[in-house]
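Okay, work_12.cif is below, mmCIF, C-alpha atoms:
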data_model
loop_
_atom_site.group_PDB
_atom_site.id
_atom_site.type_symbol
_atom_site.label_atom_id
_atom_site.label_comp_id
_atom_site.auth_asym_id
_atom_site.auth_seq_id
_atom_site.Cartn_x
_atom_site.Cartn_y
_atom_site.Cartn_z
ATOM 1 C CA MET A 1 -43.044 2.185 -5.491
ATOM 2 C CA ILE A 2 -45.486 -0.609 -6.283
ATOM 3 C CA CYS A 3 -45.004 -2.510 -9.540
ATOM 4 C CA VAL A 4 -48.136 -4.153 -10.920
ATOM 5 C CA ILE A 5 -47.846 -6.839 -13.610
ATOM 6 C CA GLY A 6 -50.752 -8.203 -15.587
ATOM 7 C CA GLU A 7 -53.521 -7.693 -18.061
ATOM 8 C CA LEU A 8 -55.484 -4.838 -19.534
ATOM 9 C CA VAL A 9 -59.130 -5.627 -20.269
ATOM 10 C CA VAL A 10 -61.882 -3.530 -21.808
ATOM 11 C CA ASP A 11 -65.008 -4.192 -19.709
ATOM 12 C CA LEU A 12 -68.240 -3.839 -21.684
ATOM 13 C CA ILE A 13 -70.717 -2.958 -18.930
ATOM 14 C CA PRO A 14 -74.507 -2.821 -19.461
ATOM 15 C CA ASP A 15 -75.983 0.659 -19.640
ATOM 16 C CA PRO A 16 -79.106 0.501 -17.440
ATOM 17 C CA SER A 17 -80.366 3.830 -18.781
ATOM 18 C CA ALA A 18 -80.685 2.520 -22.367
ATOM 19 C CA ASP A 19 -83.102 0.010 -23.842
ATOM 20 C CA ALA A 20 -82.276 -2.787 -26.264
ATOM 21 C CA GLY A 21 -83.941 -1.328 -29.355
ATOM 22 C CA PRO A 22 -87.418 -1.943 -30.784
ATOM 23 C CA GLU A 23 -86.885 -5.700 -31.124
ATOM 24 C CA GLY A 24 -84.933 -6.067 -27.889
ATOM 25 C CA THR A 25 -81.869 -7.312 -29.759
ATOM 26 C CA ALA A 26 -79.505 -4.333 -29.436
ATOM 27 C CA PRO A 27 -78.455 -3.939 -25.785
ATOM 28 C CA HIS A 28 -76.266 -0.966 -24.937
ATOM 29 C CA PHE A 29 -72.882 -1.357 -23.272
ATOM 30 C CA ILE A 30 -70.317 1.155 -22.048
ATOM 31 C CA ALA A 31 -66.660 0.335 -22.691
ATOM 32 C CA ARG A 32 -64.692 0.926 -19.507
ATOM 33 C CA PRO A 33 -60.993 0.297 -18.825
ATOM 34 C CA GLY A 34 -60.443 -2.724 -16.589
ATOM 35 C CA GLY A 35 -58.447 -5.827 -15.797
ATOM 36 C CA ASN A 36 -56.919 -6.804 -12.457
ATOM 37 C CA ALA A 37 -53.543 -5.180 -13.063
ATOM 38 C CA LEU A 38 -54.919 -1.932 -14.460
ATOM 39 C CA ASN A 39 -57.439 -1.647 -11.624
ATOM 40 C CA VAL A 40 -54.816 -2.247 -8.930
ATOM 41 C CA ALA A 41 -52.399 0.247 -10.475
ATOM 42 C CA VAL A 42 -55.079 2.909 -10.961
ATOM 43 C CA THR A 43 -56.237 2.527 -7.359
ATOM 44 C CA ALA A 44 -52.702 2.952 -6.040
ATOM 45 C CA GLY A 45 -52.157 5.947 -8.306
ATOM 46 C CA ARG A 46 -55.377 7.640 -7.214
ATOM 47 C CA LEU A 47 -54.378 7.100 -3.594
ATOM 48 C CA GLY A 48 -51.238 9.086 -4.367
ATOM 49 C CA HIS A 49 -48.750 6.213 -4.196
ATOM 50 C CA PRO A 50 -45.935 5.774 -6.745
ATOM 51 C CA VAL A 51 -46.866 2.866 -9.018
ATOM 52 C CA ARG A 52 -45.613 1.449 -12.303
ATOM 53 C CA LEU A 53 -47.787 -0.737 -14.510
ATOM 54 C CA LEU A 54 -46.147 -3.463 -16.561
ATOM 55 C CA ALA A 55 -48.741 -4.376 -19.160
ATOM 56 C CA ARG A 56 -48.716 -5.459 -22.796
ATOM 57 C CA LEU A 57 -50.785 -2.929 -24.711
ATOM 58 C CA GLY A 58 -52.560 -4.617 -27.613
ATOM 59 C CA ARG A 59 -53.816 -3.105 -30.845
ATOM 60 C CA GLY A 60 -57.332 -1.895 -31.458
ATOM 61 C CA PRO A 61 -59.414 1.276 -31.145
ATOM 62 C CA LEU A 62 -59.454 1.183 -27.329
ATOM 63 C CA ARG A 63 -55.720 0.855 -26.659
ATOM 64 C CA ASP A 64 -55.184 4.595 -26.210
ATOM 65 C CA HIS A 65 -58.111 4.778 -23.782
ATOM 66 C CA LEU A 66 -56.513 2.111 -21.596
ATOM 67 C CA ARG A 67 -53.178 3.937 -21.502
ATOM 68 C CA ARG A 68 -54.848 7.286 -20.845
ATOM 69 C CA HIS A 69 -56.933 5.872 -17.999
ATOM 70 C CA ALA A 70 -53.722 4.829 -16.248
ATOM 71 C CA GLU A 71 -51.854 8.052 -17.009
ATOM 72 C CA ILE A 72 -54.482 10.415 -15.622
ATOM 73 C CA SER A 73 -54.617 8.331 -12.438
ATOM 74 C CA GLY A 74 -50.931 8.932 -11.750
ATOM 75 C CA VAL A 75 -49.641 5.564 -12.983
ATOM 76 C CA ASP A 76 -46.186 5.295 -14.549
ATOM 77 C CA VAL A 77 -46.840 3.711 -17.965
ATOM 78 C CA SER A 78 -43.316 4.127 -19.331
ATOM 79 C CA ALA A 79 -42.685 0.373 -19.284
ATOM 80 C CA MET A 80 -45.828 -0.676 -21.140
ATOM 81 C CA VAL A 81 -45.014 -3.044 -24.003
ATOM 82 C CA ASP A 82 -46.636 -2.214 -27.332
ATOM 83 C CA SER A 83 -47.971 -5.343 -29.019
ATOM 84 C CA ASP A 84 -49.539 -6.192 -32.361
ATOM 85 C CA ASP A 85 -51.816 -8.709 -30.634
ATOM 86 C CA PRO A 86 -55.389 -7.630 -29.807
ATOM 87 C CA VAL A 87 -56.706 -6.065 -26.602
ATOM 88 C CA SER A 88 -58.668 -8.353 -24.273
ATOM 89 C CA VAL A 89 -62.420 -7.747 -23.940
ATOM 90 C CA ALA A 90 -64.855 -8.851 -21.226
ATOM 91 C CA ILE A 91 -68.635 -8.586 -21.551
ATOM 92 C CA VAL A 92 -70.076 -8.022 -18.093
ATOM 93 C CA ALA A 93 -73.423 -9.199 -16.762
ATOM 94 C CA LEU A 94 -74.778 -7.735 -13.500
ATOM 95 C CA ASP A 95 -77.327 -9.382 -11.226
ATOM 96 C CA VAL A 96 -79.815 -7.505 -9.037
ATOM 97 C CA THR A 97 -77.207 -7.059 -6.291
ATOM 98 C CA GLY A 98 -74.631 -5.558 -8.672
ATOM 99 C CA SER A 99 -72.434 -8.677 -8.601
ATOM 100 C CA ALA A 100 -70.608 -9.184 -11.877
ATOM 101 C CA ASP A 101 -70.227 -12.184 -14.155
ATOM 102 C CA TYR A 102 -67.980 -12.142 -17.221
ATOM 103 C CA SER A 103 -67.759 -13.492 -20.750
ATOM 104 C CA PHE A 104 -64.226 -13.145 -22.101
ATOM 105 C CA HIS A 105 -62.917 -12.614 -25.623
ATOM 106 C CA VAL A 106 -59.193 -12.997 -25.169
ATOM 107 C CA LEU A 107 -57.879 -15.576 -27.633
ATOM 108 C CA GLY A 108 -54.470 -14.488 -28.911
ATOM 109 C CA ALA A 109 -54.559 -11.276 -26.862
ATOM 110 C CA ALA A 110 -51.445 -9.328 -25.939
ATOM 111 C CA ASP A 111 -51.682 -9.995 -22.202
ATOM 112 C CA TRP A 112 -50.449 -13.595 -22.138
ATOM 113 C CA GLN A 113 -47.187 -13.218 -24.068
ATOM 114 C CA TRP A 114 -44.747 -11.963 -21.396
ATOM 115 C CA THR A 115 -41.055 -12.763 -21.764
ATOM 116 C CA ASP A 116 -38.279 -12.655 -19.176
ATOM 117 C CA GLU A 117 -36.595 -9.892 -21.176
ATOM 118 C CA GLU A 118 -39.702 -7.666 -21.178
ATOM 119 C CA LEU A 119 -40.181 -8.006 -17.430
ATOM 120 C CA ALA A 120 -36.499 -7.422 -16.675
ATOM 121 C CA ALA A 121 -36.448 -4.298 -18.833
ATOM 122 C CA GLY A 122 -39.542 -2.787 -17.231
ATOM 123 C CA PHE A 123 -39.268 -3.777 -13.581
ATOM 124 C CA PRO A 124 -38.189 -0.765 -11.483
ATOM 125 C CA ALA A 125 -35.259 -1.255 -9.127
ATOM 126 C CA GLU A 126 -36.959 1.006 -6.589
ATOM 127 C CA ALA A 127 -40.075 -1.186 -6.317
ATOM 128 C CA ARG A 128 -40.787 -2.324 -2.767
ATOM 129 C CA ALA A 129 -43.877 -4.339 -3.652
ATOM 130 C CA VAL A 130 -44.997 -6.263 -6.718
ATOM 131 C CA HIS A 131 -48.556 -7.354 -7.402
ATOM 132 C CA VAL A 132 -49.433 -10.152 -9.816
ATOM 133 C CA GLY A 133 -52.629 -12.032 -10.338
ATOM 134 C CA SER A 134 -55.657 -12.954 -12.366
ATOM 135 C CA ILE A 135 -55.580 -14.443 -15.851
ATOM 136 C CA SER A 136 -52.042 -13.419 -16.813
ATOM 137 C CA SER A 137 -50.591 -15.082 -13.715
ATOM 138 C CA TRP A 138 -51.925 -18.544 -14.596
ATOM 139 C CA THR A 139 -52.064 -18.510 -18.417
ATOM 140 C CA ALA A 140 -49.155 -19.704 -20.547
ATOM 141 C CA PRO A 141 -46.778 -18.789 -21.926
ATOM 142 C CA GLY A 142 -46.373 -15.484 -20.053
ATOM 143 C CA CYS A 143 -47.205 -16.876 -16.607
ATOM 144 C CA GLU A 144 -43.891 -18.729 -16.545
ATOM 145 C CA ALA A 145 -41.921 -15.487 -16.890
ATOM 146 C CA ILE A 146 -44.058 -13.874 -14.177
ATOM 147 C CA ALA A 147 -43.463 -16.815 -11.824
ATOM 148 C CA ARG A 148 -39.705 -16.687 -12.360
ATOM 149 C CA LEU A 149 -39.645 -12.971 -11.510
ATOM 150 C CA VAL A 150 -41.778 -13.472 -8.402
ATOM 151 C CA GLU A 151 -39.570 -16.312 -7.164
ATOM 152 C CA ARG A 152 -36.438 -14.227 -7.663
ATOM 153 C CA LEU A 153 -37.926 -11.327 -5.707
ATOM 154 C CA HIS A 154 -39.011 -13.736 -2.975
ATOM 155 C CA ASP A 155 -35.507 -15.203 -2.732
ATOM 156 C CA ASP A 156 -33.858 -11.783 -2.748
ATOM 157 C CA GLY A 157 -36.276 -10.305 -0.219
ATOM 158 C CA THR A 158 -36.158 -6.960 -2.033
ATOM 159 C CA ALA A 159 -39.914 -6.462 -2.423
ATOM 160 C CA LEU A 160 -43.176 -7.654 -0.922
ATOM 161 C CA VAL A 161 -44.936 -10.086 -3.272
ATOM 162 C CA SER A 162 -48.718 -9.784 -3.562
ATOM 163 C CA VAL A 163 -50.808 -12.424 -5.354
ATOM 164 C CA ASP A 164 -54.511 -12.469 -6.248
ATOM 165 C CA PRO A 165 -55.723 -15.653 -8.020
ATOM 166 C CA ASN A 166 -58.882 -13.885 -9.304
ATOM 167 C CA ILE A 167 -60.143 -17.084 -10.930
ATOM 168 C CA ARG A 168 -62.253 -16.857 -14.084
ATOM 169 C CA PRO A 169 -63.622 -20.396 -14.463
ATOM 170 C CA MET A 170 -64.352 -20.173 -18.195
ATOM 171 C CA LEU A 171 -60.663 -19.379 -18.803
ATOM 172 C CA ALA A 172 -59.189 -21.573 -16.066
ATOM 173 C CA GLU A 173 -60.718 -24.638 -17.735
ATOM 174 C CA GLY A 174 -60.351 -23.718 -21.373
ATOM 175 C CA PHE A 175 -58.389 -21.144 -23.341
ATOM 176 C CA GLY A 176 -55.495 -23.624 -23.352
ATOM 177 C CA ASN A 177 -55.628 -24.004 -19.555
ATOM 178 C CA THR A 178 -56.518 -27.086 -17.537
ATOM 179 C CA ALA A 179 -57.527 -27.116 -13.888
ATOM 180 C CA ALA A 180 -54.350 -29.029 -13.045
ATOM 181 C CA ASP A 181 -52.205 -26.426 -14.832
ATOM 182 C CA VAL A 182 -53.848 -23.518 -13.011
ATOM 183 C CA HIS A 183 -53.548 -25.197 -9.617
ATOM 184 C CA GLN A 184 -49.867 -25.907 -10.173
ATOM 185 C CA ARG A 185 -49.142 -22.362 -11.354
ATOM 186 C CA LEU A 186 -50.981 -20.796 -8.429
ATOM 187 C CA ASP A 187 -49.332 -23.119 -5.908
ATOM 188 C CA ARG A 188 -46.007 -21.806 -7.190
ATOM 189 C CA LEU A 189 -47.065 -18.171 -6.787
ATOM 190 C CA VAL A 190 -48.677 -18.609 -3.363
ATOM 191 C CA ALA A 191 -45.538 -20.309 -2.041
ATOM 192 C CA ALA A 192 -43.515 -17.223 -3.040
ATOM 193 C CA ALA A 193 -46.088 -14.668 -1.854
ATOM 194 C CA ASP A 194 -46.001 -12.432 1.181
ATOM 195 C CA VAL A 195 -49.594 -11.203 0.764
ATOM 196 C CA VAL A 196 -52.458 -13.161 -0.807
ATOM 197 C CA LYS A 197 -55.931 -11.765 -1.486
ATOM 198 C CA VAL A 198 -58.398 -14.531 -2.309
ATOM 199 C CA SER A 199 -62.199 -14.518 -2.576
ATOM 200 C CA SER A 200 -64.784 -17.088 -1.603
ATOM 201 C CA GLU A 201 -65.673 -17.238 -5.320
ATOM 202 C CA ASP A 202 -62.055 -18.166 -6.099
ATOM 203 C CA LEU A 203 -62.237 -20.898 -3.475
ATOM 204 C CA ASP A 204 -65.439 -22.312 -4.940
ATOM 205 C CA TRP A 205 -63.351 -23.210 -7.979
ATOM 206 C CA LEU A 206 -59.996 -23.871 -6.314
ATOM 207 C CA GLU A 207 -61.377 -25.979 -3.458
ATOM 208 C CA PRO A 208 -64.953 -27.097 -4.188
ATOM 209 C CA GLY A 209 -66.759 -27.972 -0.982
ATOM 210 C CA HIS A 210 -64.113 -26.105 1.018
ATOM 211 C CA GLY A 211 -66.465 -25.674 3.981
ATOM 212 C CA ASP A 212 -65.553 -23.347 6.822
ATOM 213 C CA LEU A 213 -63.925 -20.171 5.499
ATOM 214 C CA ASP A 214 -62.181 -19.523 8.817
ATOM 215 C CA GLY A 215 -60.357 -22.819 8.464
ATOM 216 C CA VAL A 216 -59.537 -22.171 4.809
ATOM 217 C CA ALA A 217 -58.017 -18.764 5.568
ATOM 218 C CA THR A 218 -55.909 -20.211 8.375
ATOM 219 C CA ARG A 219 -54.758 -23.094 6.185
ATOM 220 C CA TRP A 220 -53.787 -20.783 3.317
ATOM 221 C CA ALA A 221 -51.669 -18.741 5.732
ATOM 222 C CA GLU A 222 -49.634 -21.878 6.416
ATOM 223 C CA ARG A 223 -48.780 -22.307 2.711
ATOM 224 C CA GLY A 224 -46.088 -19.620 2.719
ATOM 225 C CA PRO A 225 -47.716 -16.157 2.783
ATOM 226 C CA GLY A 226 -47.297 -13.854 5.749
ATOM 227 C CA LEU A 227 -50.808 -12.476 5.311
ATOM 228 C CA VAL A 228 -53.966 -13.887 3.713
ATOM 229 C CA LEU A 229 -56.982 -11.669 3.130
ATOM 230 C CA LEU A 230 -60.112 -13.679 2.312
ATOM 231 C CA THR A 231 -63.154 -11.818 1.014
ATOM 232 C CA ASP A 232 -66.741 -13.059 1.067
ATOM 233 C CA GLY A 233 -68.944 -10.418 -0.552
ATOM 234 C CA GLY A 234 -70.285 -8.054 2.075
ATOM 235 C CA SER A 235 -69.465 -10.446 4.939
ATOM 236 C CA PRO A 236 -66.516 -9.798 7.260
ATOM 237 C CA LEU A 237 -63.046 -10.109 5.792
ATOM 238 C CA ARG A 238 -60.950 -12.947 7.184
ATOM 239 C CA VAL A 239 -57.378 -11.892 7.930
ATOM 240 C CA ALA A 240 -55.006 -14.786 8.615
ATOM 241 C CA ARG A 241 -51.326 -14.927 9.537
ATOM 242 C CA PRO A 242 -49.171 -17.951 10.345
ATOM 243 C CA GLY A 243 -49.352 -18.810 14.037
ATOM 244 C CA ARG A 244 -51.727 -15.945 14.838
ATOM 245 C CA PRO A 245 -55.417 -15.940 15.766
ATOM 246 C CA LEU A 246 -57.753 -15.297 12.854
ATOM 247 C CA MET A 247 -58.944 -11.697 12.599
ATOM 248 C CA ARG A 248 -62.230 -10.491 11.137
ATOM 249 C CA VAL A 249 -62.868 -7.011 9.787
ATOM 250 C CA ARG A 250 -66.375 -5.961 8.802
ATOM 251 C CA PRO A 251 -66.495 -3.846 5.628
ATOM 252 C CA PRO A 252 -68.673 -0.737 5.564
ATOM 253 C CA THR A 253 -72.223 -0.973 4.277
ATOM 254 C CA VAL A 254 -72.808 0.974 1.057
ATOM 255 C CA THR A 255 -75.323 1.178 -1.765
ATOM 256 C CA VAL A 256 -73.784 -1.000 -4.465
ATOM 257 C CA ALA A 257 -73.800 0.118 -8.105
ATOM 258 C CA ASP A 258 -71.700 -2.903 -9.079
ATOM 259 C CA THR A 259 -68.776 -4.888 -7.705
ATOM 260 C CA VAL A 260 -66.483 -4.505 -10.731
ATOM 261 C CA GLY A 261 -62.923 -3.839 -9.536
ATOM 262 C CA ALA A 262 -63.771 -3.961 -5.828
ATOM 263 C CA GLY A 263 -61.367 -6.791 -5.027
ATOM 264 C CA ASP A 264 -58.608 -5.078 -6.990
ATOM 265 C CA ALA A 265 -59.217 -1.852 -5.064
ATOM 266 C CA LEU A 266 -59.022 -3.768 -1.793
ATOM 267 C CA ALA A 267 -55.657 -5.293 -2.718
ATOM 268 C CA ALA A 268 -54.248 -1.923 -3.780
ATOM 269 C CA GLY A 269 -55.560 -0.214 -0.654
ATOM 270 C CA LEU A 270 -53.838 -2.790 1.529
ATOM 271 C CA LEU A 271 -50.533 -2.646 -0.358
ATOM 272 C CA THR A 272 -50.359 1.146 -0.308
ATOM 273 C CA GLY A 273 -51.197 1.137 3.397
ATOM 274 C CA LEU A 274 -48.465 -1.369 4.167
ATOM 275 C CA LEU A 275 -45.786 0.521 2.228
ATOM 276 C CA GLU A 276 -46.813 3.878 3.670
ATOM 277 C CA SER A 277 -46.458 2.322 7.146
ATOM 278 C CA GLY A 278 -42.881 1.307 6.330
ATOM 279 C CA VAL A 279 -43.671 -2.362 5.709
ATOM 280 C CA THR A 280 -41.383 -3.149 2.786
ATOM 281 C CA SER A 281 -40.098 -6.612 3.734
ATOM 282 C CA ARG A 282 -41.407 -9.929 4.980
ATOM 283 C CA ARG A 283 -39.778 -9.375 8.343
ATOM 284 C CA ALA A 284 -41.525 -6.027 8.722
ATOM 285 C CA LEU A 285 -44.827 -7.615 7.689
ATOM 286 C CA ASP A 286 -44.461 -10.295 10.346
ATOM 287 C CA GLU A 287 -43.857 -7.601 12.973
ATOM 288 C CA VAL A 288 -47.025 -5.584 12.241
ATOM 289 C CA SER A 289 -49.250 -5.554 15.320
ATOM 290 C CA ASP A 290 -52.802 -6.853 15.167
ATOM 291 C CA ALA A 291 -54.107 -3.365 15.908
ATOM 292 C CA ASP A 292 -52.124 -1.794 13.081
ATOM 293 C CA LEU A 293 -53.117 -4.540 10.677
ATOM 294 C CA GLU A 294 -56.793 -4.130 11.547
ATOM 295 C CA ARG A 295 -56.479 -0.412 10.841
ATOM 296 C CA LEU A 296 -54.834 -1.042 7.456
ATOM 297 C CA VAL A 297 -57.427 -3.637 6.413
ATOM 298 C CA THR A 298 -60.245 -1.335 7.525
ATOM 299 C CA THR A 299 -58.905 1.444 5.320
ATOM 300 C CA ALA A 300 -58.500 -0.952 2.386
ATOM 301 C CA SER A 301 -62.103 -2.122 2.839
ATOM 302 C CA ARG A 302 -63.261 1.485 2.593
ATOM 303 C CA VAL A 303 -61.409 1.881 -0.711
ATOM 304 C CA ALA A 304 -63.208 -1.213 -2.017
ATOM 305 C CA ALA A 305 -66.580 -0.074 -0.664
ATOM 306 C CA LEU A 306 -66.335 3.292 -2.380
ATOM 307 C CA THR A 307 -65.473 1.539 -5.639
ATOM 308 C CA CYS A 308 -68.695 -0.489 -5.286
ATOM 309 C CA THR A 309 -70.764 2.716 -5.201
ATOM 310 C CA ARG A 310 -69.702 3.557 -8.781
ATOM 311 C CA GLU A 311 -70.310 1.907 -12.118
ATOM 312 C CA GLY A 312 -67.243 0.101 -13.400
ATOM 313 C CA ALA A 313 -63.809 -0.009 -11.803
ATOM 314 C CA GLN A 314 -63.604 3.591 -10.596
ATOM 315 C CA PRO A 315 -61.674 3.661 -7.298
ATOM 316 C CA PRO A 316 -61.577 6.801 -5.145
ATOM 317 C CA THR A 317 -58.822 9.361 -4.914
ATOM 318 C CA ARG A 318 -57.100 9.913 -1.585
ATOM 319 C CA ALA A 319 -59.106 13.107 -1.062
ATOM 320 C CA GLU A 320 -62.390 11.284 -1.744
ATOM 321 C CA LEU A 321 -61.416 8.481 0.638
ATOM 322 C CA ASP A 322 -60.452 10.923 3.381
ATOM 323 C CA ALA A 323 -63.639 12.943 2.979
ATOM 324 C CA TRP A 324 -65.829 9.846 3.037
ATOM 325 C CA THR A 325 -63.991 8.398 6.034
ATOM 326 C CA ALA A 326 -64.407 11.642 7.967
ATOM 327 C CA GLY A 327 -68.173 11.346 7.541
ATOM 328 C CA GLN A 328 -68.363 7.796 8.886
ATOM 329 C CA PRO A 329 -69.579 7.126 12.444
#
Would you mind giving the structure from this file in structure tokens?
Amino acid sequence: MICVIGELVVDLIPDPSADAGPEGTAPHFIARPGGNALNVAVTAGRLGHPVRLLARLGRGPLRDHLRRHAEISGVDVSAMVDSDDPVSVAIVALDVTGSADYSFHVLGAADWQWTDEELAAGFPAEARAVHVGSISSWTAPGCEAIARLVERLHDDGTALVSVDPNIRPMLAEGFGNTAADVHQRLDRLVAAADVVKVSSEDLDWLEPGHGDLDGVATRWAERGPGLVLLTDGGSPLRVARPGRPLMRVRPPTVTVADTVGAGDALAAGLLTGLLESGVTSRRALDEVSDADLERLVTTASRVAALTCTREGAQPPTRAELDAWTAGQP
């Protein structure tokens, strides 16, 4: 089982088929379930892998839609924490390439209030991987409880730890956060991680002027993780491991509707592939051959690519992935 911990976000995505009213002041948006944790869990569930989502379900008219979205995708929602705090909302803007930018409305939301007791009560003993990341992993007060759990799992060696910084600059420098706080919190998580997925956009904030991405990926792999997956839009993925040559995997070319949830789908595709290959410990991860790792990353990139062909975070099912893969050259 994979256990995913993090936020639920309602993504308000522009409806390109609707106008903005006679005065141009009433744009249309579609409310779609989202958030890093929900997207990762839903992807794993649609790929047919056992997954539990630990999320704090806030109040509001869309809370039941968020829960239902997870349920119908095969996600175990039995450990969701009901909260009287509001649901987080993100208003999405899309450029001509389908790349997404976000405006967040999250003050006082349910997602940031994790306690040690809530995580201990919901975390499944049978989990062999845990994924944390995005806003909940670097926003107080709940990020401290998440970090303590991750460090315990790292010390025990009972589950692979996956981390995705998924930086949102307007929240990483605001919303009660400072850049120094976020750096310190992420340093703590990366040091305890086995797998890190990080994007070039994350690095633009984390390491301005970082320069050569090959060197960055290699350097991040020396910070503690056994595997670093660095994404750069449609460019080749950098795959770095300590003491190993850097690997590059080219993602498939697709017609992009938008990129919402693509990175989350990639992370989930990789985690499910690792677990289904019997990689449930750091030692096993270190022993994966380059050929097997390239195959797993290639499959994960296909999961992400298919997600890009759809509006909103709508990852493929296993049957859809298999059918699409069979038609590739």
- Output the residue selection produced by the PyMOL selection byres ((chain A and resi 36) around 9) on the file above, formatted as a ChimeraX atom specification. /A:6-9,34-35,37-41,132-135,164,166,261,263-264
- Task: Mind checking which residues fall within 10 Å of Pro315 of chain A, counting all atoms listed in the file, ignoring those fewer than 5 positions away in the same chain, and posting them as number ranges by chain?
- Result: A: 39-40, 42-47, 73, 261-262, 264-266, 268-269, 303-310, 320-321
- Task: Mind listing whatever residues come within 12 Å of the point (-46.7, 6.3, -18.6)? Use only C-alpha atoms, file coordinates, and give them as a PyMOL selection string.
- Result: chain A and resi 41-42+45+50-55+57+64+66-81+122
- What residues come out when you apply the PyMOL selection byres ((chain A and resi 171-188) around 12) to this file, written as a ChimeraX atom specification? /A:90,102-109,112,132-151,154,163-170,189-193,196,198,202-203,205-207,220,223-225
Can you write just those residues out, C-alpha atoms, as a short mmCIF file (atom, residue, chain, number, x, y, z; two decimals), in the coordinates of the input?
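The resulting selection.cif:
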data_model
loop_
_atom_site.label_atom_id
_atom_site.label_comp_id
_atom_site.auth_asym_id
_atom_site.auth_seq_id
_atom_site.Cartn_x
_atom_site.Cartn_y
_atom_site.Cartn_z
CA ALA A 90 -64.86 -8.85 -21.23
CA TYR A 102 -67.98 -12.14 -17.22
CA SER A 103 -67.76 -13.49 -20.75
CA PHE A 104 -64.23 -13.14 -22.10
CA HIS A 105 -62.92 -12.61 -25.62
CA VAL A 106 -59.19 -13.00 -25.17
CA LEU A 107 -57.88 -15.58 -27.63
CA GLY A 108 -54.47 -14.49 -28.91
CA ALA A 109 -54.56 -11.28 -26.86
CA TRP A 112 -50.45 -13.60 -22.14
CA VAL A 132 -49.43 -10.15 -9.82
CA GLY A 133 -52.63 -12.03 -10.34
CA SER A 134 -55.66 -12.95 -12.37
CA ILE A 135 -55.58 -14.44 -15.85
CA SER A 136 -52.04 -13.42 -16.81
CA SER A 137 -50.59 -15.08 -13.72
CA TRP A 138 -51.92 -18.54 -14.60
CA THR A 139 -52.06 -18.51 -18.42
CA ALA A 140 -49.16 -19.70 -20.55
CA PRO A 141 -46.78 -18.79 -21.93
CA GLY A 142 -46.37 -15.48 -20.05
CA CYS A 143 -47.20 -16.88 -16.61
CA GLU A 144 -43.89 -18.73 -16.55
CA ALA A 145 -41.92 -15.49 -16.89
CA ILE A 146 -44.06 -13.87 -14.18
CA ALA A 147 -43.46 -16.82 -11.82
CA ARG A 148 -39.70 -16.69 -12.36
CA LEU A 149 -39.65 -12.97 -11.51
CA VAL A 150 -41.78 -13.47 -8.40
CA GLU A 151 -39.57 -16.31 -7.16
CA HIS A 154 -39.01 -13.74 -2.98
CA VAL A 163 -50.81 -12.42 -5.35
CA ASP A 164 -54.51 -12.47 -6.25
CA PRO A 165 -55.72 -15.65 -8.02
CA ASN A 166 -58.88 -13.88 -9.30
CA ILE A 167 -60.14 -17.08 -10.93
CA ARG A 168 -62.25 -16.86 -14.08
CA PRO A 169 -63.62 -20.40 -14.46
CA MET A 170 -64.35 -20.17 -18.20
CA LEU A 189 -47.06 -18.17 -6.79
CA VAL A 190 -48.68 -18.61 -3.36
CA ALA A 191 -45.54 -20.31 -2.04
CA ALA A 192 -43.52 -17.22 -3.04
CA ALA A 193 -46.09 -14.67 -1.85
CA VAL A 196 -52.46 -13.16 -0.81
CA VAL A 198 -58.40 -14.53 -2.31
CA ASP A 202 -62.06 -18.17 -6.10
CA LEU A 203 -62.24 -20.90 -3.48
CA TRP A 205 -63.35 -23.21 -7.98
CA LEU A 206 -60.00 -23.87 -6.31
CA GLU A 207 -61.38 -25.98 -3.46
CA TRP A 220 -53.79 -20.78 3.32
CA ARG A 223 -48.78 -22.31 2.71
CA GLY A 224 -46.09 -19.62 2.72
CA PRO A 225 -47.72 -16.16 2.78
#
- How would you write, as a list in words, the residues chosen by the PyMOL selection byres ((chain A and resi 158) around 9) on this structure? Ala127, Arg128, Ala129, Leu153, His154, Asp155, Asp156, Gly157, Ala159, Leu160, Thr280 and Ser281 of chain A
